[in-house]
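model03.txt (compact mmCIF, C-alpha atoms) appears below.
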# COMPACT_ATOMS: atom_id res chain seq x y z
CA MET A 17 108.76 66.68 53.04
CA THR A 18 108.64 66.27 56.80
CA THR A 19 107.10 68.16 59.68
CA GLU A 20 110.51 69.82 60.04
CA ASP A 21 109.62 71.68 56.83
CA LEU A 22 106.74 73.38 58.64
CA ASP A 23 107.71 76.99 59.16
CA PRO A 24 106.69 78.14 62.67
CA LEU A 25 106.70 81.75 61.47
CA ILE A 26 104.16 81.01 58.74
CA HIS A 27 102.22 78.43 60.76
CA VAL A 28 100.62 81.10 62.98
CA PRO A 29 97.06 81.35 61.55
CA ALA A 30 97.07 85.14 60.99
CA ARG A 31 100.45 85.01 59.22
CA LEU A 32 99.36 82.05 57.13
CA ARG A 33 96.32 84.05 56.01
CA ILE A 34 98.54 87.04 55.18
CA MET A 35 100.94 84.90 53.17
CA ALA A 36 98.16 83.03 51.36
CA THR A 37 96.41 86.29 50.48
CA LEU A 38 99.61 87.84 49.11
CA ALA A 39 100.41 84.64 47.20
CA THR A 40 97.30 85.17 45.07
CA LEU A 41 99.02 88.21 43.54
CA LEU A 42 101.38 87.96 40.60
CA ASP A 43 105.10 88.38 41.31
CA GLY A 44 105.83 92.03 42.03
CA ASP A 45 102.19 93.03 42.56
CA THR A 46 101.26 94.76 45.80
CA LEU A 47 98.26 95.08 48.07
CA SER A 48 97.52 98.13 50.17
CA PHE A 49 97.63 97.80 53.94
CA THR A 50 93.96 98.77 54.23
CA ARG A 51 92.85 96.27 51.58
CA LEU A 52 94.84 93.49 53.25
CA GLN A 53 93.35 94.47 56.59
CA ASP A 54 89.84 94.34 55.11
CA LEU A 55 90.45 90.94 53.54
CA ILE A 56 91.94 89.38 56.67
CA GLY A 57 89.93 91.17 59.35
CA LEU A 58 92.76 91.99 61.76
CA THR A 59 93.10 95.20 63.74
CA SER A 60 95.74 97.64 62.49
CA GLY A 61 98.01 96.96 65.45
CA ASN A 62 97.73 93.19 65.11
CA LEU A 63 98.36 93.31 61.36
CA ILE A 64 101.39 95.59 61.82
CA THR A 65 102.89 93.17 64.35
CA HIS A 66 102.51 90.18 62.01
CA LEU A 67 103.79 92.12 59.00
CA ARG A 68 106.91 93.16 60.93
CA LYS A 69 107.76 89.54 61.73
CA LEU A 70 107.24 88.48 58.12
CA GLU A 71 109.32 91.40 56.86
CA GLU A 72 112.15 90.63 59.30
CA ALA A 73 112.25 87.11 57.85
CA GLY A 74 112.43 88.50 54.32
CA TYR A 75 109.06 86.98 53.37
CA ILE A 76 107.38 90.29 52.51
CA GLU A 77 108.37 93.83 51.60
CA THR A 78 106.47 96.94 52.57
CA GLU A 79 106.70 100.36 51.01
CA LYS A 80 105.33 103.57 52.49
CA SER A 81 104.61 106.66 50.44
CA GLY A 82 103.13 110.01 51.38
CA THR A 83 102.55 111.40 54.86
CA GLY A 84 99.63 111.78 57.21
CA ALA A 85 96.17 111.02 55.88
CA ALA A 86 97.55 110.79 52.33
CA SER A 87 100.04 108.03 53.21
CA LEU A 88 99.85 104.64 51.54
CA THR A 89 101.52 101.43 52.65
CA THR A 90 101.78 98.59 50.15
CA ILE A 91 102.82 95.01 50.82
CA MET A 92 104.17 92.36 48.50
CA LEU A 93 105.32 88.79 48.86
CA THR A 94 109.02 88.28 48.08
CA ARG A 95 110.42 85.33 46.17
CA THR A 96 111.81 84.05 49.47
CA GLY A 97 108.34 84.33 50.99
CA ARG A 98 106.68 82.59 48.07
CA LYS A 99 109.18 79.71 48.31
CA ALA A 100 108.75 79.46 52.09
CA LEU A 101 104.96 79.31 51.69
CA TYR A 102 105.30 76.62 49.01
CA VAL A 103 107.54 74.47 51.23
CA HIS A 104 105.26 75.00 54.23
CA THR A 105 102.07 74.09 52.37
CA ALA A 106 103.73 71.05 50.75
CA ALA A 107 104.76 69.85 54.22
CA LEU A 108 101.19 70.37 55.46
CA ARG A 109 99.81 68.37 52.53
CA ASP A 110 102.27 65.53 53.18
CA LEU A 111 101.38 65.53 56.87
CA LEU A 112 97.64 65.41 56.15
CA GLU A 113 98.00 62.72 53.50
CA GLY A 114 99.74 60.54 56.10
CA LEU A 115 96.70 60.50 58.39
As structure tokens, what does this structure read like?
Amino acid sequence: MTTEDLDPLIHVPARLRIMATLATLLDGDTLSFTRLQDLIGLTSGNLITHLRKLEEAGYIETEKSGTGAASLTTIMLTRTGRKALYVHTAALRDLLEGL
């Protein structure tokens, strides 16, 4: 692994926290938007912005159900996202071991 394997999309601290949090779930499991927000401590607007970028890259999937106050948004890490996080963290480990 080299520093070229570091993913600039994941490397942003808030996105790295999102990805790491979702990676604790089993494949196919989801986390609600509000629970993720509570765990990470981002504002709704900030979290939405980061989730959009991760979704555009195919790293996460979101699903919305219901409307208004009864709506629920769930988020899950895709296989592509899990692999990208693995490659990124392996590159970080290699970089740190070289110090």
Practice prompt. Give me the residues within 12 Å of range 25-28 of chain A as a PyMOL selection string, counting only C-alpha atoms and dropping any in the same chain fewer than 4 places off.
Written response: chain A and resi 19-21+32-36+66-76+97-105+107-108
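Using all atoms listed in the file for every distance, the candidate list A:Thr65, A:Ser60, A:Asp43, A:Phe49 yields A:Thr65 as the residue closest to Arg31 in chain A.
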Worksheet entry | Interatomic distance, CA of Thr90 in chain A to CA of Thr46 in chain A (Å, one decimal) |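 Computing it gives 5.8 Å between the two atoms.
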Worksheet entry | Distance criterion (only C-alpha atoms): nearest to Arg51 in chain A out of A:Leu88, A:Leu22, A:Leu93, A:Ala106 | A:Leu88
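Residue nearest Ser87 in chain A, chosen from A:Arg109, A:Ser48, A:Thr37, A:Asn62 and counting only C-alpha atoms: A:Ser48.
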Discussion item. Can you measure CA of Gly57 in chain A to CA of Pro29 in chain A for me? One decimal in Å is fine.
Written reply: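 According to the coordinates, CA of Gly57 in chain A and CA of Pro29 in chain A are separated by 12.3 Å.
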Worksheet entry | Atom pair CA of Ile91 in chain A / CA of Leu63 in chain A: separation (Å) | 11.6 Å
Worksheet entry | From A:Thr94, A:Asp23, A:Thr59, A:Ser81, residue lying nearest Leu38 in chain A [only C-alpha atoms] |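 Ranking A:Thr94, A:Asp23, A:Thr59, A:Ser81 by distance to Leu38 in chain A, first place goes to A:Thr94.
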